[in-house]
>>> print(open('protein.txt').read())   # compact mmCIF, C-alpha atoms
# COMPACT_ATOMS: atom_id res chain seq x y z
CA MET B 7 -116.70 205.78 159.22
CA LYS B 8 -118.88 208.67 158.02
CA ASN B 9 -116.82 211.07 160.13
CA LYS B 10 -113.61 209.71 158.60
CA LEU B 11 -114.96 210.27 155.09
CA PHE B 12 -115.94 213.84 156.01
CA TRP B 13 -112.40 214.67 157.17
CA GLN B 14 -110.89 212.98 154.11
CA ARG B 15 -113.07 215.13 151.85
CA ALA B 16 -112.34 218.29 153.85
CA GLY B 17 -108.63 217.53 153.42
CA ALA B 18 -109.07 217.09 149.67
CA VAL B 19 -110.89 220.45 149.41
CA LEU B 20 -108.11 222.15 151.39
CA PHE B 21 -105.51 220.57 149.10
CA ALA B 22 -107.41 221.84 146.02
CA LEU B 23 -107.58 225.36 147.50
CA VAL B 24 -103.85 225.40 148.27
CA LEU B 25 -103.12 224.18 144.74
CA TRP B 26 -105.37 226.92 143.31
CA GLN B 27 -103.64 229.55 145.48
CA PHE B 28 -100.17 228.51 144.29
CA ALA B 29 -101.31 228.25 140.64
CA ALA B 30 -102.77 231.78 140.72
CA MET B 31 -99.66 233.16 142.43
CA ALA B 32 -97.36 231.45 139.92
CA LEU B 33 -99.43 232.76 136.99
CA GLY B 34 -99.49 236.27 138.42
CA GLN B 35 -102.33 237.33 136.10
CA GLN B 36 -105.45 238.36 138.05
CA LEU B 37 -107.41 238.55 134.82
CA LEU B 38 -106.83 234.87 134.09
CA LEU B 39 -106.94 233.42 137.59
CA VAL B 40 -107.46 235.15 140.91
CA THR B 41 -106.42 233.57 144.19
CA PRO B 42 -109.01 231.85 146.40
CA VAL B 43 -108.15 234.41 149.10
CA LYS B 44 -109.19 237.22 146.76
CA VAL B 45 -112.40 235.35 145.85
CA ALA B 46 -113.19 234.88 149.56
CA GLY B 47 -112.59 238.60 150.12
CA ARG B 48 -114.90 239.56 147.24
CA LEU B 49 -117.52 237.13 148.54
CA ALA B 50 -117.30 238.72 151.98
CA GLU B 51 -117.97 242.12 150.38
CA LEU B 52 -120.90 240.77 148.36
CA VAL B 53 -122.76 239.14 151.27
CA ARG B 54 -122.83 242.48 153.11
CA GLU B 55 -124.89 244.02 150.28
CA SER B 56 -128.68 243.61 150.39
CA ALA B 57 -128.73 243.38 146.58
CA PHE B 58 -126.70 240.17 146.87
CA TRP B 59 -129.44 238.40 148.82
CA GLN B 60 -132.11 239.73 146.45
CA THR B 61 -130.14 238.37 143.51
CA VAL B 62 -129.69 234.96 145.16
CA GLY B 63 -133.40 234.92 146.10
CA PHE B 64 -134.44 235.83 142.53
CA SER B 65 -132.59 232.89 140.98
CA PHE B 66 -133.25 230.51 143.89
CA TRP B 67 -137.05 230.76 143.83
CA ARG B 68 -137.28 230.47 140.07
CA ILE B 69 -134.99 227.44 139.77
CA VAL B 70 -136.61 225.73 142.77
CA ALA B 71 -140.10 226.46 141.38
CA GLY B 72 -139.10 224.84 138.07
CA PHE B 73 -137.67 221.87 139.93
CA LEU B 74 -140.75 221.36 142.13
CA LEU B 75 -143.17 221.73 139.21
CA ALA B 76 -141.16 219.15 137.24
CA LEU B 77 -141.06 216.84 140.27
CA ILE B 78 -144.86 216.90 140.56
CA ALA B 79 -145.51 216.66 136.81
CA GLY B 80 -142.85 213.97 136.28
CA ALA B 81 -144.11 211.86 139.19
CA VAL B 82 -147.79 212.13 138.22
CA LEU B 83 -147.23 211.49 134.50
CA GLY B 84 -144.69 208.73 135.23
CA ALA B 85 -147.24 206.99 137.46
CA LEU B 86 -150.01 207.44 134.87
CA SER B 87 -147.78 206.12 132.10
CA ALA B 88 -147.03 203.01 134.15
CA ARG B 89 -150.76 202.35 134.47
CA VAL B 90 -151.93 203.38 130.99
CA HIS B 91 -149.60 202.27 128.21
CA ALA B 92 -151.24 204.69 125.73
CA ILE B 93 -150.08 207.66 127.84
CA GLU B 94 -146.52 206.32 127.89
CA VAL B 95 -146.57 205.97 124.09
CA LEU B 96 -148.10 209.42 123.56
CA LEU B 97 -145.57 211.12 125.85
CA TRP B 98 -142.58 209.29 124.38
CA PRO B 99 -141.77 211.76 121.53
CA PHE B 100 -141.99 214.75 123.88
CA ILE B 101 -139.77 213.18 126.50
CA VAL B 102 -137.19 212.07 123.92
CA ALA B 103 -137.21 215.55 122.36
CA VAL B 104 -136.67 217.22 125.74
CA LYS B 105 -133.87 214.79 126.54
CA SER B 106 -131.98 215.11 123.26
CA VAL B 107 -132.44 218.75 122.16
CA PRO B 108 -129.51 220.89 123.42
CA VAL B 109 -130.46 223.09 126.35
CA ALA B 110 -129.16 226.19 124.49
CA SER B 111 -131.77 225.63 121.75
CA PHE B 112 -134.51 225.51 124.36
CA ILE B 113 -133.20 228.64 126.04
CA ILE B 114 -133.25 230.62 122.78
CA LEU B 115 -136.70 229.27 121.89
CA SER B 116 -137.95 230.16 125.34
CA LEU B 117 -136.63 233.68 124.95
CA ILE B 118 -139.03 234.04 122.02
CA TRP B 119 -141.96 232.48 123.91
CA LEU B 120 -141.45 233.77 127.44
CA GLN B 121 -140.29 236.75 129.45
CA ALA B 122 -136.63 236.59 130.46
CA SER B 123 -137.62 236.51 134.15
CA SER B 124 -139.56 233.21 133.69
CA LEU B 125 -136.80 231.61 131.68
CA SER B 126 -135.03 229.78 134.51
CA VAL B 127 -138.34 228.33 135.78
CA PHE B 128 -139.05 226.81 132.39
CA ILE B 129 -135.52 225.59 131.67
CA SER B 130 -135.14 224.09 135.14
CA PHE B 131 -138.50 222.35 134.60
CA LEU B 132 -137.40 220.96 131.24
CA MET B 133 -134.15 219.53 132.62
CA VAL B 134 -135.75 217.89 135.67
CA PHE B 135 -138.97 216.56 134.14
CA PRO B 136 -137.56 213.66 132.03
CA VAL B 137 -135.34 212.45 134.90
CA VAL B 138 -138.24 212.31 137.36
CA TYR B 139 -140.62 210.91 134.74
CA PHE B 140 -138.33 208.02 133.76
CA ASN B 141 -137.42 207.16 137.34
CA THR B 142 -141.07 207.15 138.42
CA LEU B 143 -142.05 205.03 135.42
CA GLN B 144 -139.23 202.58 136.16
CA GLY B 145 -140.14 202.45 139.85
CA MET B 146 -143.81 201.83 139.12
CA GLN B 147 -142.98 199.13 136.59
CA ALA B 148 -140.76 197.41 139.15
CA THR B 149 -143.61 197.24 141.70
CA ASP B 150 -144.16 193.78 143.14
CA ARG B 151 -147.07 192.36 141.11
CA GLN B 152 -147.94 189.98 143.94
CA LEU B 153 -148.55 192.90 146.31
CA VAL B 154 -150.74 194.58 143.70
CA GLU B 155 -152.72 191.32 143.32
CA MET B 156 -153.08 191.09 147.10
CA ALA B 157 -154.38 194.68 147.27
CA HIS B 158 -156.79 193.89 144.43
CA LEU B 159 -158.18 190.82 146.21
CA PHE B 160 -158.68 192.72 149.47
CA LYS B 161 -160.18 195.64 147.52
CA VAL B 162 -157.71 198.12 149.00
CA PRO B 163 -158.58 201.67 147.84
CA TRP B 164 -156.05 203.49 145.61
CA ARG B 165 -154.98 205.96 148.34
CA ARG B 166 -153.90 203.15 150.64
CA ARG B 167 -152.24 201.31 147.75
CA LEU B 168 -150.25 204.46 147.05
CA LEU B 169 -149.15 204.80 150.69
CA TYR B 170 -148.35 201.15 151.38
CA ILE B 171 -147.22 199.75 148.04
CA TYR B 172 -146.25 202.39 145.51
CA LEU B 173 -144.56 205.12 147.58
CA PRO B 174 -142.20 202.73 149.43
CA GLN B 175 -141.40 201.15 146.07
CA LEU B 176 -140.73 204.56 144.50
CA GLN B 177 -138.54 205.81 147.34
CA PRO B 178 -135.09 204.83 145.94
CA PHE B 179 -136.10 205.86 142.42
CA LEU B 180 -137.34 209.32 143.53
CA LEU B 181 -134.35 209.93 145.81
CA SER B 182 -131.96 209.10 143.00
CA ALA B 183 -133.93 211.23 140.51
CA CYS B 184 -133.97 214.23 142.86
CA SER B 185 -130.29 213.92 143.64
CA VAL B 186 -129.36 213.96 139.94
CA ALA B 187 -132.00 216.49 138.86
CA LEU B 188 -131.29 219.11 141.53
CA GLY B 189 -127.75 219.67 140.25
CA MET B 190 -129.00 219.75 136.66
CA SER B 191 -131.70 222.29 137.46
CA TRP B 192 -129.14 224.72 138.88
CA LYS B 193 -126.69 224.32 136.02
CA ALA B 194 -129.36 224.71 133.33
CA GLY B 195 -131.26 227.46 135.18
CA ILE B 196 -128.15 229.63 135.57
CA ALA B 197 -127.12 228.96 131.95
CA ALA B 198 -130.56 230.20 130.89
CA GLU B 199 -130.11 233.35 132.96
CA VAL B 200 -126.68 234.03 131.43
CA ILE B 201 -128.22 233.87 127.94
CA GLY B 202 -131.52 235.61 128.77
CA ILE B 203 -129.96 238.10 131.23
CA PRO B 204 -133.08 238.69 133.35
CA SER B 205 -132.59 241.74 135.53
CA GLY B 206 -131.64 240.96 139.14
CA SER B 207 -130.53 237.36 138.57
CA ILE B 208 -127.29 235.50 139.29
CA GLY B 209 -127.01 234.91 135.55
CA GLU B 210 -126.94 238.67 134.98
CA GLN B 211 -124.11 238.99 137.52
CA LEU B 212 -122.12 236.30 135.71
CA TYR B 213 -122.75 238.03 132.39
CA GLU B 214 -121.55 241.36 133.79
CA ALA B 215 -118.48 239.69 135.26
CA LYS B 216 -117.67 238.44 131.77
CA VAL B 217 -118.27 241.87 130.17
CA TYR B 218 -116.08 243.69 132.73
CA LEU B 219 -113.51 240.85 132.77
CA SER B 220 -113.91 240.55 136.54
CA THR B 221 -112.61 237.07 137.32
CA ALA B 222 -113.05 237.64 141.07
CA ASP B 223 -116.76 238.38 140.62
CA LEU B 224 -117.19 235.47 138.24
CA LEU B 225 -115.62 233.00 140.67
CA SER B 226 -117.41 234.51 143.70
CA TRP B 227 -120.81 234.05 142.06
CA THR B 228 -119.80 230.56 140.95
CA VAL B 229 -118.99 229.69 144.57
CA VAL B 230 -122.40 231.08 145.58
CA ILE B 231 -124.18 228.92 142.97
CA VAL B 232 -122.34 225.78 144.10
CA LEU B 233 -123.02 226.49 147.78
CA VAL B 234 -126.71 227.27 147.33
CA SER B 235 -127.32 224.27 145.07
CA VAL B 236 -125.45 221.84 147.37
CA LEU B 237 -127.19 223.17 150.50
CA PHE B 238 -130.61 222.99 148.86
CA GLU B 239 -129.91 219.47 147.61
CA LYS B 240 -128.89 218.30 151.10
CA LEU B 241 -131.95 219.95 152.68
CA PHE B 242 -134.39 218.61 150.11
CA ILE B 243 -133.03 215.04 150.18
CA THR B 244 -133.10 215.05 154.01
CA LEU B 245 -136.73 216.26 154.02
CA LEU B 246 -137.69 213.66 151.42
CA LYS B 247 -136.03 210.86 153.43
CA ARG B 248 -137.85 212.03 156.57
CA ALA B 249 -141.15 212.08 154.71
CA PHE B 250 -140.60 208.47 153.61
CA ALA B 251 -139.53 207.45 157.13
CA GLY B 252 -142.72 209.08 158.48
CA LEU B 253 -144.72 207.05 156.00
CA GLU B 254 -143.30 203.80 157.41
CA ARG B 255 -144.48 204.78 160.89
CA LEU B 256 -148.10 204.84 159.71
CA MET G 8 -174.20 183.28 148.70
CA SER G 9 -174.28 179.75 147.30
CA ASP G 10 -171.92 176.82 146.75
CA ILE G 11 -168.90 177.44 144.56
CA VAL G 12 -169.30 175.27 141.48
CA LEU G 13 -166.72 174.49 138.82
CA ARG G 14 -167.88 172.88 135.59
CA GLY G 15 -165.50 171.50 132.96
CA ILE G 16 -162.60 173.75 133.87
CA THR G 17 -159.55 173.54 131.62
CA LYS G 18 -156.53 175.79 132.00
CA ARG G 19 -153.48 175.81 129.77
CA PHE G 20 -150.23 177.77 129.91
CA GLY G 21 -148.99 177.64 126.33
CA ASP G 22 -148.88 173.97 125.39
CA LYS G 23 -148.99 172.81 128.99
CA VAL G 24 -152.42 171.72 130.20
CA VAL G 25 -152.52 172.30 133.96
CA LEU G 26 -156.20 171.57 134.60
CA GLU G 27 -158.38 169.50 132.32
CA ASP G 28 -162.15 169.18 132.54
CA LEU G 29 -162.21 169.75 136.31
CA ASN G 30 -165.60 169.54 138.00
CA ALA G 31 -166.02 170.36 141.69
CA ARG G 32 -168.46 171.81 144.20
CA PHE G 33 -167.29 173.59 147.36
CA LEU G 34 -170.05 173.78 149.91
CA LYS G 35 -171.13 177.15 151.22
CA GLY G 36 -170.09 177.82 154.83
CA GLN G 37 -167.85 174.76 155.02
CA THR G 38 -164.16 173.98 154.91
CA SER G 39 -162.84 172.14 151.85
CA CYS G 40 -159.31 170.79 151.70
CA ILE G 41 -157.64 170.47 148.32
CA MET G 42 -154.81 167.95 148.28
CA GLY G 43 -152.52 166.66 145.59
CA PRO G 44 -148.90 166.33 144.48
CA SER G 45 -146.82 169.38 143.54
CA GLY G 46 -147.58 170.66 140.06
CA CYS G 47 -151.06 169.13 139.82
CA GLY G 48 -152.66 172.58 139.54
CA LYS G 49 -153.85 173.33 143.09
CA THR G 50 -152.54 176.90 143.12
CA THR G 51 -153.79 177.45 139.56
CA LEU G 52 -157.23 176.36 140.75
CA LEU G 53 -157.10 178.87 143.59
CA GLN G 54 -155.93 181.61 141.22
CA LEU G 55 -158.91 180.87 138.99
CA LEU G 56 -161.25 181.09 141.98
CA MET G 57 -159.64 184.34 143.15
CA GLY G 58 -160.13 185.80 139.68
CA PHE G 59 -156.43 186.29 138.85
CA LEU G 60 -156.69 183.79 135.98
CA THR G 61 -159.52 182.98 133.62
CA PRO G 62 -160.28 179.42 132.52
CA ASP G 63 -159.75 178.47 128.88
CA GLU G 64 -162.86 176.31 129.06
CA GLY G 65 -165.62 175.80 131.59
CA THR G 66 -167.43 177.99 134.10
CA ILE G 67 -167.04 178.97 137.74
CA THR G 68 -170.09 180.15 139.64
CA GLY G 69 -170.92 181.12 143.21
CA VAL G 70 -167.64 182.85 144.15
CA PRO G 71 -168.60 185.64 146.58
CA LYS G 72 -167.42 189.20 145.97
CA LYS G 73 -165.73 189.65 149.35
CA LYS G 74 -162.73 187.33 149.18
CA SER G 75 -159.88 186.88 151.59
CA ALA G 76 -156.66 184.89 151.20
CA VAL G 77 -153.42 183.63 152.63
CA PHE G 78 -151.21 183.37 149.58
CA GLN G 79 -148.40 180.90 149.10
CA GLU G 80 -146.05 183.87 149.60
CA ASP G 81 -146.63 186.22 152.55
CA ARG G 82 -147.30 189.27 150.35
CA LEU G 83 -146.71 191.76 153.15
CA CYS G 84 -145.58 195.38 152.83
CA GLU G 85 -142.10 194.91 154.29
CA PRO G 86 -141.33 198.42 155.62
CA PHE G 87 -144.54 198.51 157.69
CA THR G 88 -145.41 196.97 161.05
CA ALA G 89 -147.62 193.91 161.49
CA VAL G 90 -150.48 196.12 162.71
CA SER G 91 -150.06 198.51 159.75
CA ASN G 92 -150.10 195.64 157.28
CA ILE G 93 -153.46 194.55 158.62
CA LYS G 94 -154.76 198.13 158.72
CA MET G 95 -153.84 198.37 155.06
CA VAL G 96 -156.66 195.98 154.19
CA LEU G 97 -159.05 196.91 157.01
CA GLY G 98 -158.68 200.69 156.82
CA ARG G 99 -156.95 203.24 159.02
CA THR G 100 -159.88 203.40 161.45
CA ALA G 101 -159.79 199.66 162.24
CA ASP G 102 -159.64 198.73 165.93
CA THR G 103 -155.92 198.49 166.76
CA GLY G 104 -156.63 196.63 170.03
CA ARG G 105 -158.51 193.90 168.17
CA ILE G 106 -155.71 193.53 165.61
CA ARG G 107 -153.08 193.23 168.36
CA ASP G 108 -155.26 190.68 170.17
CA HIS G 109 -155.51 188.51 167.04
CA LEU G 110 -151.76 188.68 166.45
CA ARG G 111 -151.15 187.65 170.07
CA GLN G 112 -153.57 184.73 169.64
CA LEU G 113 -151.22 183.54 166.91
CA GLY G 114 -148.31 183.62 169.34
CA LEU G 115 -146.69 186.88 168.24
CA GLU G 116 -145.13 188.74 171.11
CA GLU G 117 -146.34 192.24 172.01
CA ALA G 118 -142.89 193.76 171.43
CA ALA G 119 -142.78 192.47 167.85
CA LEU G 120 -146.06 194.05 166.80
CA ASP G 121 -144.63 197.52 166.27
CA LYS G 122 -141.56 196.41 164.35
CA PRO G 123 -141.39 196.45 160.54
CA VAL G 124 -142.21 193.01 159.17
CA ARG G 125 -138.95 193.02 157.20
CA ASP G 126 -137.32 192.21 160.56
CA PHE G 127 -139.63 189.20 161.12
CA SER G 128 -138.77 185.53 160.65
CA GLY G 129 -140.59 183.54 157.96
CA GLY G 130 -142.92 182.00 160.55
CA MET G 131 -143.82 185.37 162.03
CA LYS G 132 -144.61 186.80 158.59
CA ARG G 133 -146.79 183.78 157.86
CA ARG G 134 -148.82 184.42 161.01
CA VAL G 135 -149.30 188.10 160.11
CA SER G 136 -150.69 187.09 156.72
CA ILE G 137 -153.01 184.55 158.40
CA ALA G 138 -154.30 187.21 160.83
CA ARG G 139 -154.77 189.66 157.93
CA ALA G 140 -156.90 187.16 156.00
CA VAL G 141 -159.00 186.17 159.02
CA LEU G 142 -159.55 189.74 160.25
CA PHE G 143 -160.62 190.87 156.77
CA GLY G 144 -163.52 188.47 157.16
CA GLY G 145 -164.24 187.56 153.56
CA GLU G 146 -167.26 185.47 152.66
CA VAL G 147 -164.76 182.99 151.28
CA LEU G 148 -161.25 182.40 152.60
CA PHE G 149 -158.60 180.94 150.27
CA LEU G 150 -155.68 179.37 152.12
CA ASP G 151 -152.73 178.29 149.97
CA GLU G 152 -150.51 176.18 152.24
CA PRO G 153 -150.99 178.69 155.05
CA PHE G 154 -149.17 176.73 157.75
CA LYS G 155 -146.05 175.98 155.71
CA GLY G 156 -142.86 176.94 157.52
CA LEU G 157 -144.42 176.92 160.99
CA ASP G 158 -143.07 174.63 163.70
CA ALA G 159 -145.39 171.92 165.07
CA ALA G 160 -146.63 173.87 168.11
CA THR G 161 -147.18 177.12 166.21
CA ARG G 162 -148.93 175.21 163.42
CA GLU G 163 -151.38 173.72 165.93
CA GLN G 164 -151.97 177.17 167.39
CA ALA G 165 -152.50 178.68 163.92
CA MET G 166 -154.90 175.89 162.85
CA ASP G 167 -156.95 176.33 166.04
CA TYR G 168 -157.02 180.08 165.42
CA VAL G 169 -158.27 179.70 161.84
CA LYS G 170 -160.90 177.12 162.83
CA ARG G 171 -162.12 179.29 165.70
CA HIS G 172 -162.51 182.44 163.64
CA THR G 173 -163.88 181.03 160.37
CA LYS G 174 -166.88 179.08 161.63
CA GLY G 175 -169.71 179.47 159.13
CA SER G 176 -167.42 180.83 156.38
CA THR G 177 -166.48 179.04 153.18
CA VAL G 178 -162.83 178.03 153.53
CA LEU G 179 -160.74 176.49 150.74
CA LEU G 180 -157.47 175.10 152.04
CA ILE G 181 -154.63 173.80 149.91
CA THR G 182 -152.33 171.46 151.78
CA HIS G 183 -149.88 168.61 151.28
CA ASP G 184 -150.32 167.43 154.85
CA GLN G 185 -153.02 164.82 155.56
CA GLN G 186 -152.93 165.58 159.30
CA GLU G 187 -153.54 169.24 158.55
CA ALA G 188 -156.50 168.33 156.32
CA ARG G 189 -157.90 166.02 159.00
CA LYS G 190 -157.55 168.66 161.66
CA MET G 191 -159.24 171.37 159.57
CA GLY G 192 -162.05 168.92 158.72
CA GLY G 193 -164.69 169.35 156.00
CA GLN G 194 -164.75 167.84 152.54
CA LEU G 195 -161.63 166.68 150.74
CA LEU G 196 -160.80 167.19 147.07
CA ALA G 197 -157.92 165.00 145.98
CA MET G 198 -156.28 166.16 142.77
CA ALA G 199 -154.00 163.94 140.70
CA GLN G 200 -151.24 164.77 138.22
CA ARG G 201 -152.57 164.65 134.63
CA GLY G 202 -152.40 161.11 133.32
CA GLU G 203 -152.48 159.61 136.78
CA PRO G 204 -155.63 158.04 138.26
>>> encode(input="protein.txt", output="structure tokens")
Amino acid sequence: MKNKLFWQRAGAVLFALVLWQFAAMALGQQLLLVTPVKVAGRLAELVRESAFWQTVGFSFWRIVAGFLLALIAGAVLGALSARVHAIEVLLWPFIVAVKSVPVASFIILSLIWLQASSLSVFISFLMVFPVVYFNTLQGMQATDRQLVEMAHLFKVPWRRRLLYIYLPQLQPFLLSACSVALGMSWKAGIAAEVIGIPSGSIGEQLYEAKVYLSTADLLSWTVVIVLVSVLFEKLFITLLKRAFAGLERL
Amino acid sequence: MSDIVLRGITKRFGDKVVLEDLNARFLKGQTSCIMGPSGCGKTTLLQLLMGFLTPDEGTITGVPKKKSAVFQEDRLCEPFTAVSNIKMVLGRTADTGRIRDHLRQLGLEEAALDKPVRDFSGGMKRRVSIARAVLFGGEVLFLDEPFKGLDAATREQAMDYVKRHTKGSTVLLITHDQQEARKMGGQLLAMAQRGEP
């Protein structure tokens, strides 16, 4: 069944590529739309350059750092908020502000506060934090009260409560939060780089592609962003699922 | 440790009075069976003794600090094995061999012990929660209909197991079954619905 779905999706991607190829050929304007063959060719040139990998590494580590920091902060504060109502109330205006203020406003503000090179860390953090926070809070609030009572009666220490009661309960909430937030962190992180133009970033490459009207470069880097973000999401979710499975074998 | 004494206990939920002016003494180191019709407040009484509820009036004294219980529900951590569920309350360094031995005494097969309890039948889960309560070794053991859902043979086995391992402990058993109460022995507290004699 899973195999069938894979081939169905592969067929859909192939169909989209063929459609793109014909659309670009019919338009005949490389400036407006280059063919996927040309993009693949440009991509093949790029990956042979060492600067390409440095650029990918620059953006990758910063966006992932922002994501991981937000994951830790969101999970810890979400758990604390579920236990202490005052913390939930105190954090509420900050979380709502982060959720509702447009990301462009934060990027421009951050440019005043921070160096351009740290921008994607901060913006990625800001996008991921509320998602993880709310999911953790929801997961903790949905914890089976009877299990908590049982642990209380048997005087189970907090570390064991975390392992046996809270983490299994949080599993679907954290997996869903990470799945949503990973995509967001890449989109927002790269947007921040395009505005802040830190030297040596993917965002700078996209900006230059715009300045020099190089559609092939723009689409090649876009493909790189999609590939890296999807691969990292798959890897991270797999590792997280394995960690939870390992927990159940305790 | 002394007797558990309840004096003038009243418990209300909103307008509903569940327990009214209840007085009782549960003897230290003995088994006490609490019987009564559904809704007469047996579980509420146990919840008060376990400290999950506080009485609106009256006092409870003599409840030891180290308490153990088989709840009306199994209250097990479903993704974990039977052994892990017991280690959760005993600690990671608890003797695995002893835990397995207790579970086998309750009729659980060796092959089942390493499976997640979510795959267990209701009766198997019940026996894991009985073993957990007994192995924890509280100074007082609260049993809220612990043998419910077990077939006749397994119930006998489980009752023998509890009796064997709780000698000298204070045991408070809630049951609907007179035979069960007779078998477990000790004093009997018969509770009536409010307004009934």
>>> interface_residues(input="protein.txt", of="chain B", to="chain G", cutoff="8 Å", atoms="all atoms listed in the file", output="PDB file with C-alpha atoms, in the coordinates of the input")
ATOM      1  CA  GLN B 152    -147.940 189.980 143.940  1.00  0.00           C
ATOM      2  CA  LEU B 153    -148.550 192.900 146.310  1.00  0.00           C
ATOM      3  CA  GLU B 155    -152.720 191.320 143.320  1.00  0.00           C
ATOM      4  CA  MET B 156    -153.080 191.090 147.100  1.00  0.00           C
ATOM      5  CA  ALA B 157    -154.380 194.680 147.270  1.00  0.00           C
ATOM      6  CA  LEU B 159    -158.180 190.820 146.210  1.00  0.00           C
ATOM      7  CA  PHE B 160    -158.680 192.720 149.470  1.00  0.00           C
ATOM      8  CA  LYS B 161    -160.180 195.640 147.520  1.00  0.00           C
ATOM      9  CA  VAL B 162    -157.710 198.120 149.000  1.00  0.00           C
ATOM     10  CA  ARG B 166    -153.900 203.150 150.640  1.00  0.00           C
ATOM     11  CA  TYR B 170    -148.350 201.150 151.380  1.00  0.00           C
ATOM     12  CA  ILE B 171    -147.220 199.750 148.040  1.00  0.00           C
ATOM     13  CA  PRO B 174    -142.200 202.730 149.430  1.00  0.00           C
ATOM     14  CA  GLU B 254    -143.300 203.800 157.410  1.00  0.00           C
ATOM     15  CA  ARG B 255    -144.480 204.780 160.890  1.00  0.00           C
ATOM     16  CA  LEU B 256    -148.100 204.840 159.710  1.00  0.00           C
TER      17      LEU B 256
END
>>> atom_distance(input="protein.txt", atom1="CA of Pro136 (chain B)", atom2="CA of Val230 (chain B)")
26.8 Å
>>> closest_residue(input="protein.txt", among="B:Lys240, B:Lys193, B:Lys247, B:Arg89", to="Ile69 (chain B)", atoms="all atoms listed in the file")
B:Lys193
>>> atom_distance(input="protein.txt", atom1="CA of Ala46 (chain B)", atom2="CA of Gly206 (chain B)")
22.0 Å
>>> residues_around(input="protein.txt", residues="Ile11 (chain G)", least_positions_apart="3", cutoff="8 Å", atoms="all atoms listed in the file", output="list in words")
Arg32, Phe33, Leu34, Lys35, Ile67, Thr68, Gly69 and Val70 of chain G
>>> write_last_selection(input="protein.txt", atoms="C-alpha atoms", output="PDB file, in the coordinates of the input")
ATOM      1  CA  ARG G  32    -168.460 171.810 144.200  1.00  0.00           C
ATOM      2  CA  PHE G  33    -167.290 173.590 147.360  1.00  0.00           C
ATOM      3  CA  LEU G  34    -170.050 173.780 149.910  1.00  0.00           C
ATOM      4  CA  LYS G  35    -171.130 177.150 151.220  1.00  0.00           C
ATOM      5  CA  ILE G  67    -167.040 178.970 137.740  1.00  0.00           C
ATOM      6  CA  THR G  68    -170.090 180.150 139.640  1.00  0.00           C
ATOM      7  CA  GLY G  69    -170.920 181.120 143.210  1.00  0.00           C
ATOM      8  CA  VAL G  70    -167.640 182.850 144.150  1.00  0.00           C
TER       9      VAL G  70
END
>>> closest_residue(input="protein.txt", among="B:Val232, B:Leu39, B:Val62, B:Leu125", to="Ile208 (chain B)", atoms="all atoms listed in the file")
B:Val62
>>> atom_distance(input="protein.txt", atom1="CA of Ala81 (chain B)", atom2="CA of Val134 (chain B)")
10.9 Å
>>> closest_residue(input="protein.txt", among="G:Val124, G:Gly114, G:Leu180, G:Thr66", to="Asp158 (chain G)", atoms="only C-alpha atoms")
G:Gly114
>>> residues_around(input="protein.txt", residues="region 27-38 of chain B", least_positions_apart="5", cutoff="9 Å", atoms="only C-alpha atoms", output="list in words")
Ala22, Val43, Leu219, Ser220, Thr221 and Ala222 of chain B
